[in-house]
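K.L.:
What follows is the file start-v5.cif, containing mmCIF, C-alpha atoms:
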data_run
#
loop_
_atom_site.label_atom_id
_atom_site.label_comp_id
_atom_site.auth_asym_id
_atom_site.auth_seq_id
_atom_site.Cartn_x
_atom_site.Cartn_y
_atom_site.Cartn_z
CA MET A 1 7.41 -0.62 -25.35
CA ASN A 2 5.86 1.56 -22.66
CA VAL A 3 7.03 0.72 -19.12
CA TRP A 4 6.19 2.46 -15.86
CA VAL A 5 8.27 1.94 -12.71
CA VAL A 6 6.14 2.13 -9.57
CA ILE A 7 7.98 3.05 -6.36
CA PRO A 8 6.23 3.17 -2.97
CA ALA A 9 8.35 5.40 -0.74
CA TYR A 10 8.24 6.23 2.96
CA ASN A 11 10.94 8.62 4.20
CA GLU A 12 13.29 7.72 1.33
CA ALA A 13 14.47 11.20 0.31
CA GLY A 14 18.12 10.22 0.64
CA SER A 15 18.03 7.36 -1.87
CA LEU A 16 15.09 8.17 -4.14
CA GLU A 17 16.60 10.79 -6.43
CA GLY A 18 19.57 8.65 -7.48
CA ILE A 19 17.29 5.70 -8.22
CA ILE A 20 14.97 7.79 -10.38
CA GLN A 21 17.89 9.32 -12.28
CA GLU A 22 19.13 5.84 -13.25
CA LEU A 23 15.65 4.80 -14.33
CA LYS A 24 15.20 7.90 -16.48
CA LYS A 25 18.43 7.03 -18.32
CA ARG A 26 16.55 3.97 -19.56
CA ASN A 27 13.63 6.06 -20.89
CA LEU A 28 11.26 4.67 -18.29
CA PHE A 29 8.31 6.48 -16.77
CA VAL A 30 8.39 6.71 -12.98
CA LEU A 31 5.46 6.90 -10.58
CA VAL A 32 6.27 7.49 -6.90
CA ILE A 33 3.78 7.01 -4.09
CA ASP A 34 4.85 9.11 -1.12
CA ASP A 35 3.24 7.15 1.69
CA GLY A 36 2.89 9.92 4.27
CA SER A 37 6.61 10.63 4.59
CA GLY A 38 7.86 13.04 7.22
CA ASP A 39 10.96 14.04 5.24
CA THR A 40 11.37 15.62 1.81
CA THR A 41 10.43 12.48 -0.16
CA PHE A 42 7.50 14.26 -1.82
CA LYS A 43 9.64 17.20 -2.98
CA VAL A 44 12.31 14.87 -4.36
CA ALA A 45 9.66 12.85 -6.21
CA GLN A 46 8.00 15.97 -7.61
CA LYS A 47 11.33 17.08 -9.02
CA ALA A 48 12.48 13.77 -10.51
CA ALA A 49 9.47 11.51 -11.23
CA ASP A 50 6.87 11.70 -14.00
CA ARG A 51 3.95 11.32 -11.62
CA VAL A 52 3.56 11.47 -7.84
CA ILE A 53 0.80 10.29 -5.53
CA GLN A 54 0.91 11.69 -2.00
CA ASN A 55 -0.81 9.93 0.87
CA THR A 56 -1.62 12.32 3.72
CA HIS A 57 -0.55 9.66 6.22
CA ASN A 58 1.14 6.27 6.12
CA LEU A 59 -1.26 3.73 4.61
CA GLY A 60 1.10 0.84 3.95
CA LYS A 61 2.85 -0.59 0.94
CA GLY A 62 -0.10 -2.67 -0.24
CA ARG A 63 -2.51 0.24 -0.19
CA SER A 64 0.01 2.43 -2.01
CA LEU A 65 0.66 -0.12 -4.75
CA LYS A 66 -3.04 -0.81 -5.18
CA GLU A 67 -3.72 2.92 -5.59
CA ALA A 68 -0.87 3.38 -8.06
CA ILE A 69 -1.85 0.39 -10.21
CA ALA A 70 -5.49 1.48 -10.32
CA GLN A 71 -4.47 4.97 -11.42
CA LEU A 72 -2.18 3.70 -14.16
CA LEU A 73 -4.83 1.32 -15.51
CA GLN A 74 -7.32 4.19 -15.69
CA LYS A 75 -5.12 6.97 -16.99
CA SER A 76 -2.12 5.53 -18.83
CA ASP A 77 -1.38 3.37 -21.84
CA PHE A 78 1.40 0.97 -20.88
CA ASP A 79 2.68 -2.52 -21.61
CA TYR A 80 4.38 -3.34 -18.31
CA ILE A 81 5.00 -2.03 -14.85
CA ILE A 82 8.08 -2.66 -12.74
CA THR A 83 7.57 -2.44 -8.99
CA MET A 84 10.57 -1.69 -6.82
CA ASP A 85 11.42 -0.21 -3.42
CA GLY A 86 12.82 3.26 -2.95
CA ASP A 87 15.15 2.51 -0.04
CA GLY A 88 18.14 1.30 -2.04
CA GLN A 89 17.57 -2.43 -1.52
CA HIS A 90 16.59 -2.81 -5.18
CA SER A 91 19.28 -1.79 -7.66
CA PRO A 92 18.10 0.19 -10.70
CA PHE A 93 20.83 -1.58 -12.67
CA ASP A 94 18.88 -4.85 -12.28
CA VAL A 95 16.05 -3.22 -14.22
CA ASP A 96 17.93 -3.99 -17.44
CA ASN A 97 17.39 -7.72 -16.93
CA PHE A 98 13.68 -7.21 -16.28
CA LEU A 99 13.42 -5.23 -19.51
CA LYS A 100 15.05 -8.11 -21.40
CA GLU A 101 12.31 -10.38 -20.05
CA ALA A 102 9.71 -7.87 -21.24
CA THR A 103 11.07 -8.04 -24.80
CA ARG A 104 10.52 -11.81 -24.60
CA GLY A 105 6.87 -11.23 -23.77
CA GLN A 106 6.94 -12.65 -20.25
CA TYR A 107 3.81 -12.02 -18.20
CA PHE A 108 5.20 -11.95 -14.67
CA VAL A 109 8.83 -11.94 -13.51
CA VAL A 110 9.92 -11.90 -9.87
CA GLY A 111 13.36 -10.93 -8.62
CA ASN A 112 15.26 -13.65 -6.78
CA ARG A 113 17.72 -12.68 -4.03
CA MET A 114 17.97 -16.16 -2.59
CA GLN A 115 20.71 -17.51 -4.86
CA ASN A 116 23.14 -15.27 -2.99
CA PRO A 117 21.38 -13.49 -0.08
CA VAL A 118 24.41 -11.42 0.90
CA GLY A 119 23.79 -9.46 4.10
CA MET A 120 20.21 -10.63 4.50
CA PRO A 121 19.46 -11.30 8.19
CA ARG A 122 19.14 -15.00 8.97
CA LEU A 123 15.56 -14.59 10.18
CA ARG A 124 14.63 -12.94 6.88
CA VAL A 125 16.29 -15.76 4.93
CA PHE A 126 14.34 -18.34 6.91
CA THR A 127 10.95 -16.60 6.63
CA ASN A 128 11.47 -15.93 2.91
CA GLN A 129 12.34 -19.57 2.28
CA LEU A 130 9.36 -20.78 4.30
CA MET A 131 6.85 -18.46 2.60
CA SER A 132 8.31 -19.14 -0.84
CA TRP A 133 8.06 -22.92 -0.35
CA PHE A 134 4.48 -22.62 0.87
CA ILE A 135 3.27 -20.32 -1.90
CA SER A 136 5.08 -22.30 -4.59
CA LYS A 137 3.21 -25.39 -3.41
CA MET A 138 -0.10 -23.51 -3.44
CA ILE A 139 0.22 -22.21 -6.98
CA GLY A 140 2.10 -25.12 -8.57
CA GLN A 141 4.93 -22.91 -9.82
CA LYS A 142 8.38 -22.68 -8.25
CA ILE A 143 9.17 -19.16 -7.11
CA PRO A 144 12.36 -18.95 -5.01
CA ASP A 145 11.69 -15.49 -3.52
CA THR A 146 7.96 -14.83 -3.32
CA GLN A 147 8.42 -11.94 -0.89
CA CYS A 148 10.59 -9.92 -3.26
CA GLY A 149 8.78 -6.78 -4.40
CA PHE A 150 11.10 -6.16 -7.36
CA ARG A 151 8.90 -7.38 -10.21
CA LEU A 152 7.92 -7.01 -13.84
CA ILE A 153 4.18 -7.40 -14.47
CA LYS A 154 2.41 -7.23 -17.82
CA ARG A 155 -0.71 -5.11 -18.16
CA ASP A 156 -2.80 -8.20 -19.01
CA VAL A 157 -2.07 -9.60 -15.55
CA LEU A 158 -3.05 -6.40 -13.74
CA GLU A 159 -6.30 -6.17 -15.68
CA ASN A 160 -7.30 -9.65 -14.53
CA ILE A 161 -6.57 -9.52 -10.81
CA LYS A 162 -8.16 -7.67 -7.91
CA ILE A 163 -5.90 -6.51 -5.09
CA THR A 164 -7.64 -6.53 -1.71
CA THR A 165 -4.83 -6.43 0.86
CA SER A 166 -3.20 -3.25 2.14
CA LYS A 167 0.01 -4.41 3.85
CA PHE A 168 2.96 -6.62 2.92
CA GLU A 169 0.65 -9.54 2.07
CA ILE A 170 0.25 -7.85 -1.29
CA GLU A 171 3.40 -9.59 -2.59
CA SER A 172 1.76 -12.96 -1.97
CA GLU A 173 -1.73 -11.96 -3.05
CA ILE A 174 -0.67 -10.77 -6.49
CA LEU A 175 1.22 -14.02 -7.09
CA LEU A 176 -1.71 -16.15 -5.97
CA GLN A 177 -4.23 -14.28 -8.08
CA ALA A 178 -2.03 -14.25 -11.17
CA ALA A 179 -1.37 -17.98 -10.92
CA LYS A 180 -5.05 -18.70 -10.33
CA ARG A 181 -5.82 -16.97 -13.62
CA GLY A 182 -3.29 -19.08 -15.49
CA PHE A 183 -0.39 -16.64 -15.90
CA ALA A 184 3.12 -18.09 -15.96
CA ILE A 185 5.43 -16.65 -13.30
CA THR A 186 9.20 -16.78 -13.74
CA SER A 187 12.17 -15.52 -11.72
CA ILE A 188 15.49 -13.85 -12.45
CA PRO A 189 18.43 -13.31 -10.07
CA ILE A 190 18.88 -9.84 -8.60
CA GLN A 191 21.33 -8.35 -6.16
CA SER A 192 20.74 -8.78 -2.45
CA ILE A 193 21.48 -5.36 -0.97
CA TYR A 194 21.65 -4.90 2.77
CA PHE A 195 23.94 -2.25 4.16
CA GLN A 196 24.16 0.19 7.04
CA GLY A 197 21.65 2.99 6.62
CA VAL A 198 19.07 0.89 4.79
CA HIS A 199 16.23 -0.13 7.08
CA SER A 200 13.43 -2.44 6.01
CA ASN A 201 9.90 -1.55 7.06
CA ILE A 202 9.12 -5.29 7.24
CA ASN A 203 8.98 -6.99 10.64
CA PRO A 204 9.63 -10.68 9.87
CA PHE A 205 7.71 -11.97 12.91
CA ILE A 206 4.67 -9.70 12.62
CA ASP A 207 4.44 -9.98 8.87
CA THR A 208 4.79 -13.77 8.99
CA LEU A 209 1.80 -13.88 11.35
CA ARG A 210 -0.08 -11.54 9.03
CA PHE A 211 0.80 -13.80 6.10
CA ILE A 212 -0.52 -16.88 7.94
CA ARG A 213 -3.76 -15.07 8.77
CA PHE A 214 -4.08 -13.98 5.13
CA ILE A 215 -3.65 -17.59 3.92
CA PHE A 216 -6.32 -18.86 6.33
CA GLN A 217 -8.70 -16.10 5.20
CA LEU A 218 -8.00 -17.02 1.59
CA LYS A 219 -8.75 -20.69 2.19
CA SER A 220 -11.95 -19.95 4.10
CA GLY A 221 -13.14 -17.29 1.63
#
Spell out the structure here as C-alpha cells.
P.N.:
Amino acid sequence: MNVWVVIPAYNEAGSLEGIIQELKKRNLFVLVIDDGSGDTTFKVAQKAADRVIQNTHNLGKGRSLKEAIAQLLQKSDFDYIITMDGDGQHSPFDVDNFLKEATRGQYFVVGNRMQNPVGMPRLRVFTNQLMSWFISKMIGQKIPDTQCGFRLIKRDVLENIKITTSKFEIESEILLQAAKRGFAITSIPIQSIYFQGVHSNINPFIDTLRFIRFIFQLKSG
C-alpha cells in the first residue's frame, strides 16, 4: 500500500523534523508544502521529506493542500494520502490508527479530538461543535470533528472532487464534496494536543465568519 503524508507548514522548523522522522519509520512518503515560511522550514523539509513544494509567500492552507494534491495526482502512484499539520498538534503516533483504517479499505477517515478535547480553548470547542453539527446535518453523515485536518483520504475520493477554496474552509469543502459524490466518511479518535509553544493559525471568529460565507455561496451556487 502506497501512502503519502501531506504536511502544509508555515514557520514550523522546530517541530517538523521530528514529525517526519516518525513518519519515515512507518515507510511513508512525505510531501511538505512550505507556505512562505520565514524560518528554516524549507531547509528542514528538504533534508527530511521525500518531496517539497515551496510557496514564495504565504498562500494559505487550502491553497497549499490543493497544490499538493494536484501534484500527487499528476505525478505519483498512490493509494491514500494522510493530511496532517506540521505544528505538533497532530501526533505522528496516531497515524498508525489511520493506516489500520486504510487496510480495511475505508474511503475517508477524519480524526476526532472532541471525545477528549484536552487543552482546546473553549471558543474552539464551541465553534468546532457548531460547525460539525451543521455540516453533519448537510451531508447526512455524523462527523464529530469536521474541522480536524488530520485525515486519511483514498485516491478515488481525490479523483472525484474539485477543491476551489484557498483558506481553512477547505476542511469543510472536501467533506461536502466527498459526501455529495456518495463516499462514506468515518471518524477515529485522535489526541487533542494543545501546549505552550504551539500556536494555531486559525482565528475562530474570523474563520467562522468565512465558513458561514462559504456555506451561503455553496447554497446559492
K.L.:
Mind telling me what the PyMOL selection byres ((chain A and resi 12) around 9) catches here, as a compact mmCIF listing (two decimals) with C-alpha atoms, in the coordinates of the input?
P.N.:
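Everything below was put into selection_28.txt:
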# COMPACT_ATOMS: atom_id res chain seq x y z
CA ALA A 9 8.35 5.40 -0.74
CA TYR A 10 8.24 6.23 2.96
CA ASN A 11 10.94 8.62 4.20
CA ALA A 13 14.47 11.20 0.31
CA GLY A 14 18.12 10.22 0.64
CA SER A 15 18.03 7.36 -1.87
CA LEU A 16 15.09 8.17 -4.14
CA GLU A 17 16.60 10.79 -6.43
CA ASP A 34 4.85 9.11 -1.12
CA SER A 37 6.61 10.63 4.59
CA ASP A 39 10.96 14.04 5.24
CA THR A 40 11.37 15.62 1.81
CA THR A 41 10.43 12.48 -0.16
CA GLY A 86 12.82 3.26 -2.95
CA ASP A 87 15.15 2.51 -0.04
CA GLY A 88 18.14 1.30 -2.04
K.L.:
Between atom CA of Asn2 of chain A and atom CA of Gln106 of chain A, what is the spacing in Å?
P.N.:
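So the two atoms, atom CA of Gln106 of chain A and atom CA of Asn2 of chain A, lie 14.5 Å apart.
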K.L.:
Got a sec to resolve the PyMOL selection byres ((chain A and resi 126) around 12) on this structure and send the residues as a list in words?
P.N.:
Met114, Pro117, Met120, Pro121, Arg122, Leu123, Arg124, Val125, Thr127, Asn128, Gln129, Leu130, Met131, Ser132, Trp133, Asp145, Gln147, Pro204, Phe205 and Thr208 of chain A
K.L.:
Can you list, as an mmCIF file with C-alpha atoms, in the frame of the given file, every protein, DNA or RNA residue that comes within 10 Å of Ala184 of chain A when you count only C-alpha atoms, leaving out same-chain residues fewer than 4 positions away?
P.N.:
data_model
loop_
_atom_site.group_PDB
_atom_site.id
_atom_site.type_symbol
_atom_site.label_atom_id
_atom_site.label_comp_id
_atom_site.auth_asym_id
_atom_site.auth_seq_id
_atom_site.Cartn_x
_atom_site.Cartn_y
_atom_site.Cartn_z
ATOM 1 C CA GLN A 106 6.940 -12.650 -20.250
ATOM 2 C CA TYR A 107 3.810 -12.020 -18.200
ATOM 3 C CA PHE A 108 5.200 -11.950 -14.670
ATOM 4 C CA VAL A 109 8.830 -11.940 -13.510
ATOM 5 C CA GLN A 141 4.930 -22.910 -9.820
ATOM 6 C CA VAL A 157 -2.070 -9.600 -15.550
ATOM 7 C CA LEU A 175 1.220 -14.020 -7.090
ATOM 8 C CA ALA A 178 -2.030 -14.250 -11.170
ATOM 9 C CA ALA A 179 -1.370 -17.980 -10.920
ATOM 10 C CA LYS A 180 -5.050 -18.700 -10.330
#
K.L.:
How many Å separate atom CA of Arg151 of chain A from atom CA of Ile19 of chain A?
P.N.:
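Rounded to one decimal, the two atoms are 15.7 Å apart.
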K.L.:
Suppose you want the space between atom CA of Lys47 of chain A and atom CA of Arg26 of chain A; what is it in Å?
P.N.:
17.6 Å
K.L.:
Evaluated on this file, the PyMOL selection byres ((chain A and resi 59) around 12) picks out some residues - which ones are they, written as an NGL selection string?
P.N.:
:A and (8-10 or 33-37 or 54-58 or 60-67 or 165-168)
K.L.:
Quick one: of A:Val44, A:Cys148, A:Leu176, A:Ile82, who's nearest to Trp4 of chain A, counting only C-alpha atoms?
P.N.:
A:Ile82
K.L.:
Enumerate, as a ChimeraX atom specification, the protein, DNA and RNA residues whose atoms approach (-6.4, -8.5, -12.2) to within 12 Å, taking into account only C-alpha atoms and the coordinate frame of the file.
P.N.:
/A:66,69-70,73,153-164,173-183
K.L.:
Please dump the current selection as a JSON list (two decimals), keeping the file's coordinate frame; keep C-alpha atoms.
P.N.:
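Heads up, here's the output in result20.json:
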[["chain", "number", "residue", "atom", "x", "y", "z"],
["A", 66, "LYS", "CA", -3.04, -0.81, -5.18],
["A", 69, "ILE", "CA", -1.85, 0.39, -10.21],
["A", 70, "ALA", "CA", -5.49, 1.48, -10.32],
["A", 73, "LEU", "CA", -4.83, 1.32, -15.51],
["A", 153, "ILE", "CA", 4.18, -7.40, -14.47],
["A", 154, "LYS", "CA", 2.41, -7.23, -17.82],
["A", 155, "ARG", "CA", -0.71, -5.11, -18.16],
["A", 156, "ASP", "CA", -2.80, -8.20, -19.01],
["A", 157, "VAL", "CA", -2.07, -9.60, -15.55],
["A", 158, "LEU", "CA", -3.05, -6.40, -13.74],
["A", 159, "GLU", "CA", -6.30, -6.17, -15.68],
["A", 160, "ASN", "CA", -7.30, -9.65, -14.53],
["A", 161, "ILE", "CA", -6.57, -9.52, -10.81],
["A", 162, "LYS", "CA", -8.16, -7.67, -7.91],
["A", 163, "ILE", "CA", -5.90, -6.51, -5.09],
["A", 164, "THR", "CA", -7.64, -6.53, -1.71],
["A", 173, "GLU", "CA", -1.73, -11.96, -3.05],
["A", 174, "ILE", "CA", -0.67, -10.77, -6.49],
["A", 175, "LEU", "CA", 1.22, -14.02, -7.09],
["A", 176, "LEU", "CA", -1.71, -16.15, -5.97],
["A", 177, "GLN", "CA", -4.23, -14.28, -8.08],
["A", 178, "ALA", "CA", -2.03, -14.25, -11.17],
["A", 179, "ALA", "CA", -1.37, -17.98, -10.92],
["A", 180, "LYS", "CA", -5.05, -18.70, -10.33],
["A", 181, "ARG", "CA", -5.82, -16.97, -13.62],
["A", 182, "GLY", "CA", -3.29, -19.08, -15.49],
["A", 183, "PHE", "CA", -0.39, -16.64, -15.90]]
K.L.:
Neighbouring residues of Val52 of chain A were defined as those with any atom within 7 Å, considering all atoms listed in the file; residues of the same chain fewer than 5 positions away were excluded. Please report them as a PDB file with C-alpha atoms, keeping the file's coordinate frame.
P.N.:
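So result39.pdb came out as:
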ATOM      1  CA  LEU A  31       5.460   6.900 -10.580  1.00  0.00           C
ATOM      2  CA  VAL A  32       6.270   7.490  -6.900  1.00  0.00           C
ATOM      3  CA  ILE A  33       3.780   7.010  -4.090  1.00  0.00           C
ATOM      4  CA  ALA A  45       9.660  12.850  -6.210  1.00  0.00           C
ATOM      5  CA  GLN A  46       8.000  15.970  -7.610  1.00  0.00           C
TER       6      GLN A  46
END
K.L.:
Where atoms are missing, can you supply N, CA and C atoms for segment 4-26 of chain A and output the lot as a CSV table (one decimal), in the frame of the given file?
P.N.:
chain,number,residue,atom,x,y,z
A,4,TRP,N,6.2,1.6,-17.0
A,4,TRP,CA,6.2,2.5,-15.9
A,4,TRP,C,6.8,1.7,-14.7
A,5,VAL,N,7.7,2.4,-14.0
A,5,VAL,CA,8.3,1.9,-12.7
A,5,VAL,C,7.5,2.5,-11.6
A,6,VAL,N,7.0,1.7,-10.7
A,6,VAL,CA,6.1,2.1,-9.6
A,6,VAL,C,7.0,2.0,-8.3
A,7,ILE,N,7.1,3.1,-7.6
A,7,ILE,CA,8.0,3.0,-6.4
A,7,ILE,C,7.2,3.6,-5.1
A,8,PRO,N,6.8,2.7,-4.2
A,8,PRO,CA,6.2,3.2,-3.0
A,8,PRO,C,7.4,3.7,-2.1
A,9,ALA,N,7.2,4.8,-1.5
A,9,ALA,CA,8.4,5.4,-0.7
A,9,ALA,C,7.9,6.0,0.6
A,10,TYR,N,8.5,5.7,1.6
A,10,TYR,CA,8.2,6.2,3.0
A,10,TYR,C,9.5,6.7,3.6
A,11,ASN,N,9.7,8.0,3.6
A,11,ASN,CA,10.9,8.6,4.2
A,11,ASN,C,12.2,8.1,3.5
A,12,GLU,N,12.2,8.2,2.1
A,12,GLU,CA,13.3,7.7,1.3
A,12,GLU,C,13.9,8.8,0.5
A,13,ALA,N,13.9,10.1,1.1
A,13,ALA,CA,14.5,11.2,0.3
A,13,ALA,C,15.9,11.0,0.0
A,14,GLY,N,16.7,10.4,0.8
A,14,GLY,CA,18.1,10.2,0.6
A,14,GLY,C,18.5,9.3,-0.5
A,15,SER,N,17.7,8.3,-0.8
A,15,SER,CA,18.0,7.4,-1.9
A,15,SER,C,17.2,7.5,-3.1
A,16,LEU,N,16.1,8.2,-3.0
A,16,LEU,CA,15.1,8.2,-4.1
A,16,LEU,C,15.6,8.9,-5.4
A,17,GLU,N,16.2,10.0,-5.2
A,17,GLU,CA,16.6,10.8,-6.4
A,17,GLU,C,17.6,10.0,-7.3
A,18,GLY,N,18.6,9.4,-6.7
A,18,GLY,CA,19.6,8.6,-7.5
A,18,GLY,C,18.9,7.5,-8.2
A,19,ILE,N,18.0,6.8,-7.6
A,19,ILE,CA,17.3,5.7,-8.2
A,19,ILE,C,16.5,6.2,-9.4
A,20,ILE,N,15.8,7.3,-9.3
A,20,ILE,CA,15.0,7.8,-10.4
A,20,ILE,C,15.9,8.2,-11.5
A,21,GLN,N,17.0,8.9,-11.2
A,21,GLN,CA,17.9,9.3,-12.3
A,21,GLN,C,18.4,8.1,-13.1
A,22,GLU,N,18.7,7.0,-12.5
A,22,GLU,CA,19.1,5.8,-13.2
A,22,GLU,C,18.0,5.3,-14.1
A,23,LEU,N,16.8,5.3,-13.6
A,23,LEU,CA,15.6,4.8,-14.3
A,23,LEU,C,15.3,5.7,-15.5
A,24,LYS,N,15.5,7.0,-15.4
A,24,LYS,CA,15.2,7.9,-16.5
A,24,LYS,C,16.2,7.7,-17.6
A,25,LYS,N,17.4,7.3,-17.3
A,25,LYS,CA,18.4,7.0,-18.3
A,25,LYS,C,18.0,5.9,-19.3
A,26,ARG,N,17.1,5.1,-18.8
A,26,ARG,CA,16.6,4.0,-19.6
A,26,ARG,C,15.2,4.3,-20.2
